[in-house]
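The structure file start_29.cif is reproduced below (mmCIF, C-alpha atoms).
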```cif
data_coords
#
loop_
_atom_site.group_PDB
_atom_site.id
_atom_site.type_symbol
_atom_site.label_atom_id
_atom_site.label_comp_id
_atom_site.auth_asym_id
_atom_site.auth_seq_id
_atom_site.Cartn_x
_atom_site.Cartn_y
_atom_site.Cartn_z
ATOM 1 C CA MET A 1 110.762 -68.455 203.239
ATOM 2 C CA THR A 2 114.391 -67.457 203.550
ATOM 3 C CA VAL A 3 116.360 -64.645 201.995
ATOM 4 C CA ALA A 4 119.763 -63.150 202.586
ATOM 5 C CA THR A 5 118.589 -59.548 202.648
ATOM 6 C CA VAL A 6 115.290 -57.753 202.997
ATOM 7 C CA PRO A 7 114.236 -56.480 199.549
ATOM 8 C CA ARG A 8 113.352 -52.861 198.954
ATOM 9 C CA GLY A 9 109.722 -52.057 199.646
ATOM 10 C CA LEU A 10 109.290 -54.418 202.603
ATOM 11 C CA PRO A 11 109.934 -53.570 206.264
ATOM 12 C CA ALA A 12 113.129 -54.993 207.701
ATOM 13 C CA ASP A 13 111.420 -57.306 210.141
ATOM 14 C CA SER A 14 110.411 -60.933 210.217
ATOM 15 C CA ALA A 15 106.714 -60.096 210.564
ATOM 16 C CA ALA A 16 106.640 -58.721 207.001
ATOM 17 C CA TRP A 17 108.172 -61.933 205.742
ATOM 18 C CA ASP A 18 105.716 -64.015 207.746
ATOM 19 C CA VAL A 19 102.845 -62.149 206.080
ATOM 20 C CA LEU A 20 104.326 -62.641 202.611
ATOM 21 C CA ALA A 21 105.033 -66.314 203.299
ATOM 22 C CA ALA A 22 101.384 -66.794 204.295
ATOM 23 C CA LYS A 23 100.231 -65.082 201.110
ATOM 24 C CA ALA A 24 102.542 -67.231 198.986
ATOM 25 C CA THR A 25 101.173 -70.329 200.706
ATOM 26 C CA ALA A 26 97.655 -69.179 199.817
ATOM 27 C CA VAL A 27 98.657 -68.821 196.157
ATOM 28 C CA ARG A 28 100.197 -72.290 196.144
ATOM 29 C CA ALA A 29 97.010 -73.720 197.642
ATOM 30 C CA VAL A 30 94.881 -72.150 194.898
ATOM 31 C CA LEU A 31 97.177 -73.470 192.179
ATOM 32 C CA ALA A 32 97.406 -76.944 193.683
ATOM 33 C CA GLY A 33 93.629 -77.218 193.491
ATOM 34 C CA LEU A 34 93.494 -76.582 189.752
ATOM 35 C CA GLY A 35 93.328 -79.203 187.069
ATOM 36 C CA GLY A 36 96.101 -77.526 185.137
ATOM 37 C CA ALA A 37 96.516 -73.948 183.952
ATOM 38 C CA VAL A 38 97.614 -71.706 181.125
ATOM 39 C CA VAL A 39 99.581 -68.678 182.347
ATOM 40 C CA ALA A 40 99.302 -65.424 180.387
ATOM 41 C CA PHE A 41 103.047 -64.855 180.291
ATOM 42 C CA SER A 42 104.680 -61.600 179.203
ATOM 43 C CA GLY A 43 108.019 -62.250 180.873
ATOM 44 C CA GLY A 44 107.389 -59.439 183.354
ATOM 45 C CA VAL A 45 107.905 -60.003 187.054
ATOM 46 C CA ASP A 46 104.208 -60.512 187.889
ATOM 47 C CA SER A 47 103.527 -63.202 185.313
ATOM 48 C CA SER A 48 106.928 -64.768 186.028
ATOM 49 C CA VAL A 49 106.042 -65.252 189.700
ATOM 50 C CA VAL A 50 102.704 -66.785 188.700
ATOM 51 C CA ALA A 51 104.472 -69.081 186.213
ATOM 52 C CA ALA A 52 107.122 -70.103 188.754
ATOM 53 C CA LEU A 53 104.518 -71.046 191.335
ATOM 54 C CA ALA A 54 102.322 -72.717 188.716
ATOM 55 C CA VAL A 55 105.082 -75.028 187.498
ATOM 56 C CA GLU A 56 106.071 -75.723 191.107
ATOM 57 C CA MET A 57 102.546 -76.861 191.971
ATOM 58 C CA LEU A 58 101.320 -78.263 188.632
ATOM 59 C CA GLY A 59 104.428 -79.460 186.798
ATOM 60 C CA GLU A 60 103.605 -80.441 183.211
ATOM 61 C CA ARG A 61 100.013 -79.323 183.774
ATOM 62 C CA ALA A 62 101.254 -75.714 183.638
ATOM 63 C CA LEU A 63 101.748 -73.992 180.283
ATOM 64 C CA ALA A 64 103.042 -70.432 179.883
ATOM 65 C CA CYS A 65 101.762 -68.683 176.759
ATOM 66 C CA THR A 66 103.212 -65.473 175.340
ATOM 67 C CA ILE A 67 101.064 -63.564 172.883
ATOM 68 C CA VAL A 68 102.956 -62.442 169.774
ATOM 69 C CA SER A 69 101.040 -59.496 168.363
ATOM 70 C CA GLY A 70 103.530 -56.708 167.726
ATOM 71 C CA LEU A 71 102.567 -55.056 171.006
ATOM 72 C CA LEU A 72 105.810 -56.155 172.667
ATOM 73 C CA PRO A 73 109.266 -55.518 171.195
ATOM 74 C CA ASP A 74 111.045 -58.557 169.771
ATOM 75 C CA ASP A 75 113.703 -58.432 172.490
ATOM 76 C CA GLU A 76 111.006 -58.782 175.160
ATOM 77 C CA ILE A 77 109.596 -61.841 173.386
ATOM 78 C CA ARG A 78 113.081 -63.382 173.385
ATOM 79 C CA GLU A 79 113.466 -62.492 177.063
ATOM 80 C CA ALA A 80 110.141 -64.180 177.851
ATOM 81 C CA GLU A 81 111.394 -67.334 176.118
ATOM 82 C CA ALA A 82 114.611 -67.267 178.144
ATOM 83 C CA ILE A 83 112.796 -66.737 181.448
ATOM 84 C CA ALA A 84 110.335 -69.533 180.742
ATOM 85 C CA ALA A 85 113.254 -71.851 179.988
ATOM 86 C CA ALA A 86 114.920 -70.837 183.259
ATOM 87 C CA LEU A 87 111.699 -71.571 185.151
ATOM 88 C CA GLY A 88 111.377 -74.988 183.534
ATOM 89 C CA ILE A 89 107.793 -74.353 182.501
ATOM 90 C CA ARG A 90 106.366 -75.439 179.156
ATOM 91 C CA HIS A 91 106.169 -72.379 176.937
ATOM 92 C CA ARG A 92 104.342 -71.494 173.759
ATOM 93 C CA LEU A 93 104.292 -68.416 171.518
ATOM 94 C CA VAL A 94 100.721 -67.697 170.442
ATOM 95 C CA PRO A 95 100.254 -65.433 167.384
ATOM 96 C CA LEU A 96 97.362 -62.976 167.605
ATOM 97 C CA ASP A 97 96.450 -60.140 165.241
ATOM 98 C CA VAL A 98 95.045 -57.516 167.589
ATOM 99 C CA LEU A 99 95.077 -54.996 164.749
ATOM 100 C CA ALA A 100 92.157 -56.945 163.311
ATOM 101 C CA LEU A 101 90.083 -55.523 166.182
ATOM 102 C CA PRO A 102 88.589 -52.162 165.118
ATOM 103 C CA ALA A 103 87.864 -51.273 168.762
ATOM 104 C CA PHE A 104 91.562 -51.661 169.526
ATOM 105 C CA VAL A 105 92.918 -49.891 166.448
ATOM 106 C CA GLU A 106 90.659 -46.874 167.092
ATOM 107 C CA ASN A 107 92.450 -46.508 170.428
ATOM 108 C CA PRO A 108 89.668 -45.472 172.805
ATOM 109 C CA PRO A 109 90.404 -45.059 176.542
ATOM 110 C CA ASP A 110 89.213 -48.648 177.099
ATOM 111 C CA ARG A 111 91.520 -50.014 174.382
ATOM 112 C CA CYS A 112 93.083 -52.463 176.850
ATOM 113 C CA TYR A 113 89.686 -54.016 177.542
ATOM 114 C CA HIS A 114 89.219 -55.035 173.905
ATOM 115 C CA CYS A 115 92.760 -56.384 173.619
ATOM 116 C CA LYS A 116 92.703 -58.361 176.852
ATOM 117 C CA ALA A 117 89.277 -59.820 176.086
ATOM 118 C CA ARG A 118 90.634 -61.225 172.807
ATOM 119 C CA VAL A 119 93.885 -62.391 174.425
ATOM 120 C CA LEU A 120 92.093 -64.253 177.202
ATOM 121 C CA ALA A 121 89.580 -65.791 174.803
ATOM 122 C CA THR A 122 92.514 -67.055 172.749
ATOM 123 C CA LEU A 123 94.239 -68.475 175.829
ATOM 124 C CA ARG A 124 90.977 -70.098 176.880
ATOM 125 C CA GLU A 125 90.967 -71.916 173.541
ATOM 126 C CA VAL A 126 94.541 -73.076 174.190
ATOM 127 C CA ALA A 127 93.595 -74.259 177.675
ATOM 128 C CA ASP A 128 90.596 -76.186 176.363
ATOM 129 C CA ALA A 129 92.665 -77.821 173.625
ATOM 130 C CA GLU A 130 95.270 -78.873 176.232
ATOM 131 C CA GLY A 131 92.667 -80.060 178.736
ATOM 132 C CA LEU A 132 93.763 -77.460 181.297
ATOM 133 C CA GLU A 133 91.224 -76.045 183.716
ATOM 134 C CA ALA A 134 92.219 -72.432 184.273
ATOM 135 C CA VAL A 135 93.716 -69.343 182.676
ATOM 136 C CA LEU A 136 95.931 -67.355 185.045
ATOM 137 C CA HIS A 137 97.152 -63.777 184.764
ATOM 138 C CA GLY A 138 99.548 -61.636 186.761
ATOM 139 C CA GLU A 139 97.405 -58.853 188.211
ATOM 140 C CA ASN A 140 98.601 -57.901 191.707
ATOM 141 C CA ALA A 141 96.822 -56.219 194.609
ATOM 142 C CA ASP A 142 98.069 -52.737 193.678
ATOM 143 C CA ASP A 143 96.669 -52.866 190.150
ATOM 144 C CA GLY A 144 93.138 -52.144 191.304
ATOM 145 C CA ALA A 145 94.186 -48.646 192.377
ATOM 146 C CA VAL A 146 94.922 -47.471 188.815
ATOM 147 C CA TYR A 147 92.929 -47.271 185.599
ATOM 148 C CA ARG A 148 93.099 -50.762 184.076
ATOM 149 C CA PRO A 149 90.150 -51.551 181.815
ATOM 150 C CA GLY A 150 91.743 -54.913 181.052
ATOM 151 C CA ALA A 151 90.837 -56.035 184.577
ATOM 152 C CA ARG A 152 87.169 -56.006 183.591
ATOM 153 C CA ALA A 153 87.931 -58.262 180.628
ATOM 154 C CA ALA A 154 89.763 -60.694 182.908
ATOM 155 C CA GLU A 155 86.833 -60.821 185.296
ATOM 156 C CA GLU A 156 84.379 -61.416 182.472
ATOM 157 C CA ALA A 157 86.593 -64.166 181.049
ATOM 158 C CA GLY A 158 86.814 -65.951 184.386
ATOM 159 C CA ALA A 159 90.614 -65.689 184.402
ATOM 160 C CA ILE A 160 92.233 -66.125 187.812
ATOM 161 C CA ALA A 161 94.628 -63.564 189.302
ATOM 162 C CA PRO A 162 96.218 -65.559 192.135
ATOM 163 C CA LEU A 163 98.511 -62.725 193.275
ATOM 164 C CA ALA A 164 95.691 -60.212 193.592
ATOM 165 C CA ARG A 165 93.434 -62.807 195.193
ATOM 166 C CA ALA A 166 96.062 -63.385 197.906
ATOM 167 C CA GLY A 167 96.540 -59.635 198.420
ATOM 168 C CA ILE A 168 100.140 -59.603 197.149
ATOM 169 C CA THR A 169 101.326 -56.076 196.363
ATOM 170 C CA LYS A 170 103.881 -55.072 193.732
ATOM 171 C CA ALA A 171 106.621 -54.706 196.340
ATOM 172 C CA GLU A 172 105.755 -58.170 197.632
ATOM 173 C CA VAL A 173 105.788 -59.578 194.085
ATOM 174 C CA ARG A 174 109.361 -58.357 193.666
ATOM 175 C CA ALA A 175 110.330 -59.697 197.086
ATOM 176 C CA LEU A 176 108.815 -63.072 196.253
ATOM 177 C CA ALA A 177 110.566 -63.051 192.865
ATOM 178 C CA ARG A 178 113.908 -62.546 194.615
ATOM 179 C CA ASP A 179 113.132 -65.317 197.064
ATOM 180 C CA LEU A 180 112.332 -67.608 194.132
ATOM 181 C CA GLY A 181 115.594 -66.626 192.448
ATOM 182 C CA LEU A 182 113.933 -65.108 189.377
ATOM 183 C CA PRO A 183 116.321 -63.194 187.099
ATOM 184 C CA ASN A 184 113.829 -60.392 186.412
ATOM 185 C CA ALA A 185 112.866 -59.494 189.997
ATOM 186 C CA ASP A 186 113.889 -55.862 189.481
ATOM 187 C CA ARG A 187 112.802 -55.521 185.865
ATOM 188 C CA PRO A 188 110.862 -52.265 185.324
ATOM 189 C CA SER A 189 107.252 -52.528 184.206
ATOM 190 C CA ALA A 190 106.957 -52.697 180.423
ATOM 191 C CA PRO A 191 103.376 -52.220 179.229
ATOM 192 C CA CYS A 192 102.546 -52.728 175.576
ATOM 193 C CA LEU A 193 103.710 -50.292 172.914
ATOM 194 C CA ALA A 194 100.173 -49.083 172.203
ATOM 195 C CA THR A 195 100.236 -47.200 175.516
ATOM 196 C CA ARG A 196 102.663 -44.723 173.904
ATOM 197 C CA ILE A 197 100.026 -43.499 171.429
ATOM 198 C CA PRO A 198 97.532 -40.781 172.462
ATOM 199 C CA TYR A 199 93.941 -41.946 172.840
ATOM 200 C CA GLY A 200 91.867 -41.427 169.728
ATOM 201 C CA GLU A 201 94.837 -41.737 167.359
ATOM 202 C CA PRO A 202 95.036 -45.033 165.457
ATOM 203 C CA VAL A 203 97.315 -47.859 166.531
ATOM 204 C CA THR A 204 99.304 -49.042 163.524
ATOM 205 C CA VAL A 205 102.119 -51.476 162.824
ATOM 206 C CA GLU A 206 104.381 -48.629 161.716
ATOM 207 C CA ARG A 207 103.815 -46.588 164.895
ATOM 208 C CA MET A 208 104.571 -49.566 167.121
ATOM 209 C CA ARG A 209 107.649 -50.407 165.049
ATOM 210 C CA ARG A 210 109.170 -46.951 165.402
ATOM 211 C CA ILE A 211 108.284 -46.710 169.110
ATOM 212 C CA GLY A 212 109.981 -50.050 169.739
ATOM 213 C CA ALA A 213 113.037 -49.045 167.710
ATOM 214 C CA ALA A 214 113.349 -45.676 169.475
ATOM 215 C CA GLU A 215 113.009 -47.190 172.940
ATOM 216 C CA ALA A 216 115.594 -49.825 172.043
ATOM 217 C CA VAL A 217 118.040 -46.981 171.338
ATOM 218 C CA LEU A 218 117.526 -45.557 174.807
ATOM 219 C CA ARG A 219 117.569 -48.901 176.601
ATOM 220 C CA GLY A 220 120.772 -49.718 174.763
ATOM 221 C CA ALA A 221 122.199 -46.458 176.104
ATOM 222 C CA GLY A 222 121.502 -47.610 179.653
ATOM 223 C CA PHE A 223 118.103 -46.078 180.432
ATOM 224 C CA GLY A 224 116.211 -48.795 182.293
ATOM 225 C CA VAL A 225 112.950 -46.841 182.478
ATOM 226 C CA VAL A 226 111.996 -45.014 179.294
ATOM 227 C CA ARG A 227 108.924 -44.216 177.242
ATOM 228 C CA VAL A 228 108.819 -42.749 173.751
ATOM 229 C CA ARG A 229 105.404 -41.136 173.329
ATOM 230 C CA ASP A 230 104.385 -41.113 169.675
ATOM 231 C CA HIS A 231 102.850 -37.821 168.505
ATOM 232 C CA GLY A 232 102.931 -38.571 164.791
ATOM 233 C CA PRO A 233 106.205 -37.141 163.460
ATOM 234 C CA ILE A 234 107.249 -36.103 166.985
ATOM 235 C CA ALA A 235 108.850 -38.409 169.552
ATOM 236 C CA ARG A 236 108.458 -37.239 173.159
ATOM 237 C CA ILE A 237 110.989 -38.993 175.376
ATOM 238 C CA GLU A 238 110.225 -39.606 179.051
ATOM 239 C CA VAL A 239 112.922 -40.792 181.455
ATOM 240 C CA PRO A 240 113.045 -40.416 185.259
ATOM 241 C CA LEU A 241 113.990 -36.901 186.336
ATOM 242 C CA ALA A 242 117.248 -38.179 187.809
ATOM 243 C CA ASP A 243 118.267 -39.363 184.317
ATOM 244 C CA LEU A 244 117.588 -36.071 182.532
ATOM 245 C CA PRO A 245 121.091 -34.595 183.040
ATOM 246 C CA ARG A 246 122.685 -37.612 181.363
ATOM 247 C CA LEU A 247 120.204 -37.532 178.486
ATOM 248 C CA LEU A 248 120.835 -33.799 177.993
ATOM 249 C CA ALA A 249 124.630 -34.054 178.162
ATOM 250 C CA PRO A 250 126.316 -32.363 175.165
ATOM 251 C CA GLY A 251 127.293 -34.871 172.527
ATOM 252 C CA PHE A 252 125.188 -37.651 174.003
ATOM 253 C CA ARG A 253 121.941 -35.740 173.401
ATOM 254 C CA GLU A 254 122.806 -35.233 169.733
ATOM 255 C CA GLN A 255 123.633 -38.904 169.317
ATOM 256 C CA VAL A 256 120.349 -40.041 170.861
ATOM 257 C CA SER A 257 118.394 -37.519 168.792
ATOM 258 C CA ALA A 258 119.948 -38.762 165.558
ATOM 259 C CA GLU A 259 119.278 -42.419 166.376
ATOM 260 C CA VAL A 260 115.663 -41.778 167.413
ATOM 261 C CA ARG A 261 115.079 -39.813 164.213
ATOM 262 C CA ALA A 262 116.489 -42.772 162.309
ATOM 263 C CA ALA A 263 113.757 -44.909 163.899
ATOM 264 C CA GLY A 264 111.193 -42.872 161.953
ATOM 265 C CA TYR A 265 110.625 -39.488 163.601
ATOM 266 C CA ALA A 266 111.072 -36.023 162.113
ATOM 267 C CA HIS A 267 111.468 -34.332 165.493
ATOM 268 C CA VAL A 268 112.723 -35.543 168.882
ATOM 269 C CA THR A 269 111.721 -33.851 172.141
ATOM 270 C CA ILE A 270 112.485 -34.527 175.801
ATOM 271 C CA ASP A 271 109.696 -34.185 178.364
ATOM 272 C CA LEU A 272 110.992 -31.942 181.166
ATOM 273 C CA ASP A 273 108.427 -33.398 183.580
ATOM 274 C CA GLY A 274 110.182 -36.760 183.310
ATOM 275 C CA TYR A 275 108.710 -40.250 183.228
ATOM 276 C CA ARG A 276 105.128 -40.579 184.474
ATOM 277 C CA SER A 277 103.323 -43.897 184.514
ATOM 278 C CA GLY A 278 100.138 -43.586 182.502
ATOM 279 C CA SER A 279 101.159 -40.280 180.930
ATOM 280 C CA PHE A 280 98.115 -40.194 178.648
ATOM 281 C CA ASP A 281 95.815 -40.987 181.563
ATOM 282 C CA LEU A 282 96.725 -37.933 183.622
ATOM 283 C CA ALA A 283 93.717 -35.979 182.413
ATOM 284 C CA ARG A 284 91.510 -38.936 183.287
ATOM 285 C CA ALA A 285 93.096 -39.132 186.740
ATOM 286 C CA ALA A 286 92.434 -35.434 187.274
ATOM 287 C CA SER A 287 88.784 -35.983 186.423
ATOM 288 C CA GLY A 288 88.554 -38.819 188.936
ATOM 289 C CA THR A 289 88.604 -41.817 186.577
ATOM 290 C CA GLY A 290 92.093 -42.953 187.534
ATOM 291 C CA GLY A 291 95.472 -43.297 185.888
ATOM 292 C CA GLY A 292 97.010 -46.287 184.180
ATOM 293 C CA ASP A 293 100.358 -47.792 183.438
ATOM 294 C CA GLY A 294 102.274 -46.986 180.338
#
```

For this file, produce the structure as structure tokens.
Amino acid sequence: MTVATVPRGLPADSAAWDVLAAKATAVRAVLAGLGGAVVAFSGGVDSSVVAALAVEMLGERALACTIVSGLLPDDEIREAEAIAAALGIRHRLVPLDVLALPAFVENPPDRCYHCKARVLATLREVADAEGLEAVLHGENADDGAVYRPGARAAEEAGAIAPLARAGITKAEVRALARDLGLPNADRPSAPCLATRIPYGEPVTVERMRRIGAAEAVLRGAGFGVVRVRDHGPIARIEVPLADLPRLLAPGFREQVSAEVRAAGYAHVTIDLDGYRSGSFDLARAASGTGGGDG
């Protein structure tokens, strides 16, 4: 394993790289022993590393599948297609109507469980039709420390998380992505649009559309990490604290407000606490049930 520089998040010593190289070898060994695999592929860095290693070890017996459900913005679907092409892995868009699931639409705290169970069942059907043994997903070793009900669905479905199994952390995923030359090694996490809606309020096509449109405005303005929390007619914008002065700059603030309102909101607010992963899970974290990503 060779790199020109030591990526952020890993110690600047060869021992750290030796550990990561051993973990990557363990992942390759797991993949090499499979009779083919479908990769649950969002285009994020975790699933991209899994896909890169899967095609390296399995060739045409690896198939990356991206679920098209309205839960990811269209530009992220296009990015997933481009990354899959760059990796040289077979790629398929798989339509799935998650809004047909009442347990998802009702938006309980375990919403992700119901969605992931359906997603993995669908990918299992694809794998069976293709004669591929396994379904892989991109959970890493850090994911177990936060509230992720989807992990239970993956376990029940028998899906394999090779990164987590090898003990690869998020920082190590990004380091490995750089070593593999992946274009999205530093891409911020981008959980599904439903995470922007408060628990107990329904998930609808219209809410996801306006969230996606509003976040596209802010990403287009150069904010790499942004969440637009949907409180009905009110958009609550979260960006990292360091980005607040730019967002609040006279003239720029008015422009952003107008464009976010045009996405479908009557009022636009800025959260002075800044971006927090799993914003709607903070109360759950305080009660000891953990926080999530979103």

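Going from CA of Ala80 (chain A) to CA of Gly264 (chain A) covers 26.6 Å.
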
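Restricting the calculation to all atoms listed in the file, the smallest distance between Ala151 (chain A) and any of A:Ala214, A:Arg174, A:Leu123, A:Ala117 is found for A:Ala117.
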
With distances taken over all atoms listed in the file, the candidate from A:Pro233, A:Gly158, A:Gly88, A:Pro73 nearest Leu58 (chain A) is A:Gly88

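Nearest residue to Ala235 (chain A), choosing from A:Glu201, A:Glu172, A:Asp271, A:Glu81 and counting all atoms listed in the file: A:Asp271.
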
Neighbours of Val50 (chain A) within 10 Å (all atoms listed in the file; same-chain residues fewer than 4 positions away dropped), as a list in words? Val27, Arg28, Leu31, Val39, Ala40, Phe41, Val45, Asp46, Ala54, Val55, Glu56, Ala64, Leu136, His137, Gly138, Glu139, Ala161, Pro162, Leu163, Val173 and Ala177 of chain A

For the residues selected in the previous step, produce a file with C-alpha atoms as a compact mmCIF listing (two decimals), in the frame of the given file.
```txt
# COMPACT_ATOMS: atom_id res chain seq x y z
CA VAL A 27 98.66 -68.82 196.16
CA ARG A 28 100.20 -72.29 196.14
CA LEU A 31 97.18 -73.47 192.18
CA VAL A 39 99.58 -68.68 182.35
CA ALA A 40 99.30 -65.42 180.39
CA PHE A 41 103.05 -64.86 180.29
CA VAL A 45 107.90 -60.00 187.05
CA ASP A 46 104.21 -60.51 187.89
CA ALA A 54 102.32 -72.72 188.72
CA VAL A 55 105.08 -75.03 187.50
CA GLU A 56 106.07 -75.72 191.11
CA ALA A 64 103.04 -70.43 179.88
CA LEU A 136 95.93 -67.36 185.04
CA HIS A 137 97.15 -63.78 184.76
CA GLY A 138 99.55 -61.64 186.76
CA GLU A 139 97.40 -58.85 188.21
CA ALA A 161 94.63 -63.56 189.30
CA PRO A 162 96.22 -65.56 192.14
CA LEU A 163 98.51 -62.72 193.28
CA VAL A 173 105.79 -59.58 194.08
CA ALA A 177 110.57 -63.05 192.86
```

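Reported to one decimal place, the separation of CA of Leu87 (chain A) from CA of Pro183 (chain A) is 9.8 Å.
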
Which distance in Å separates CA of Ala266 (chain A) and CA of Phe104 (chain A), to one decimal? 26.1 Å

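Residue nearest Val203 (chain A) within the list A:Ala15, A:Met57, A:Ala100, A:Ala24: A:Ala100 [criterion: smallest interatomic distance, all atoms listed in the file].
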
Contacts of Pro202 (chain A) at 7 Å or less, counting all atoms listed in the file, minus same-chain residues fewer than 4 places along, as a list in words? Val105, Glu106 and Asn107 of chain A

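Minimum atom-to-atom distance to Ala166 (chain A), evaluated using only C-alpha atoms, belongs to A:Ala141 out of A:Ala141, A:Ala32, A:Ile67, A:Ala194.
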
List, as a PDB file with C-alpha atoms, in the frame of the given file, every residue that the PyMOL selection byres ((chain A and resi 193) around 6) selects in the file provided.
```pdb
ATOM      1  CA  LEU A  71     102.567 -55.056 171.006  1.00  0.00           C
ATOM      2  CA  CYS A 192     102.546 -52.728 175.576  1.00  0.00           C
ATOM      3  CA  ALA A 194     100.173 -49.083 172.203  1.00  0.00           C
ATOM      4  CA  THR A 195     100.236 -47.200 175.516  1.00  0.00           C
ATOM      5  CA  ARG A 196     102.663 -44.723 173.904  1.00  0.00           C
ATOM      6  CA  MET A 208     104.571 -49.566 167.121  1.00  0.00           C
TER       7      MET A 208
END
```

To verify the selection step, state as a ChimeraX atom specification which residues the PyMOL selection byres ((chain A and resi 258-260) around 9) yields on this input. /A:210,213-215,217-218,235,253-257,261-265,267-268

Apply the PyMOL selection byres ((chain A and resi 134) around 8) to the displayed file and report the matching residues as a count of residues only. 13
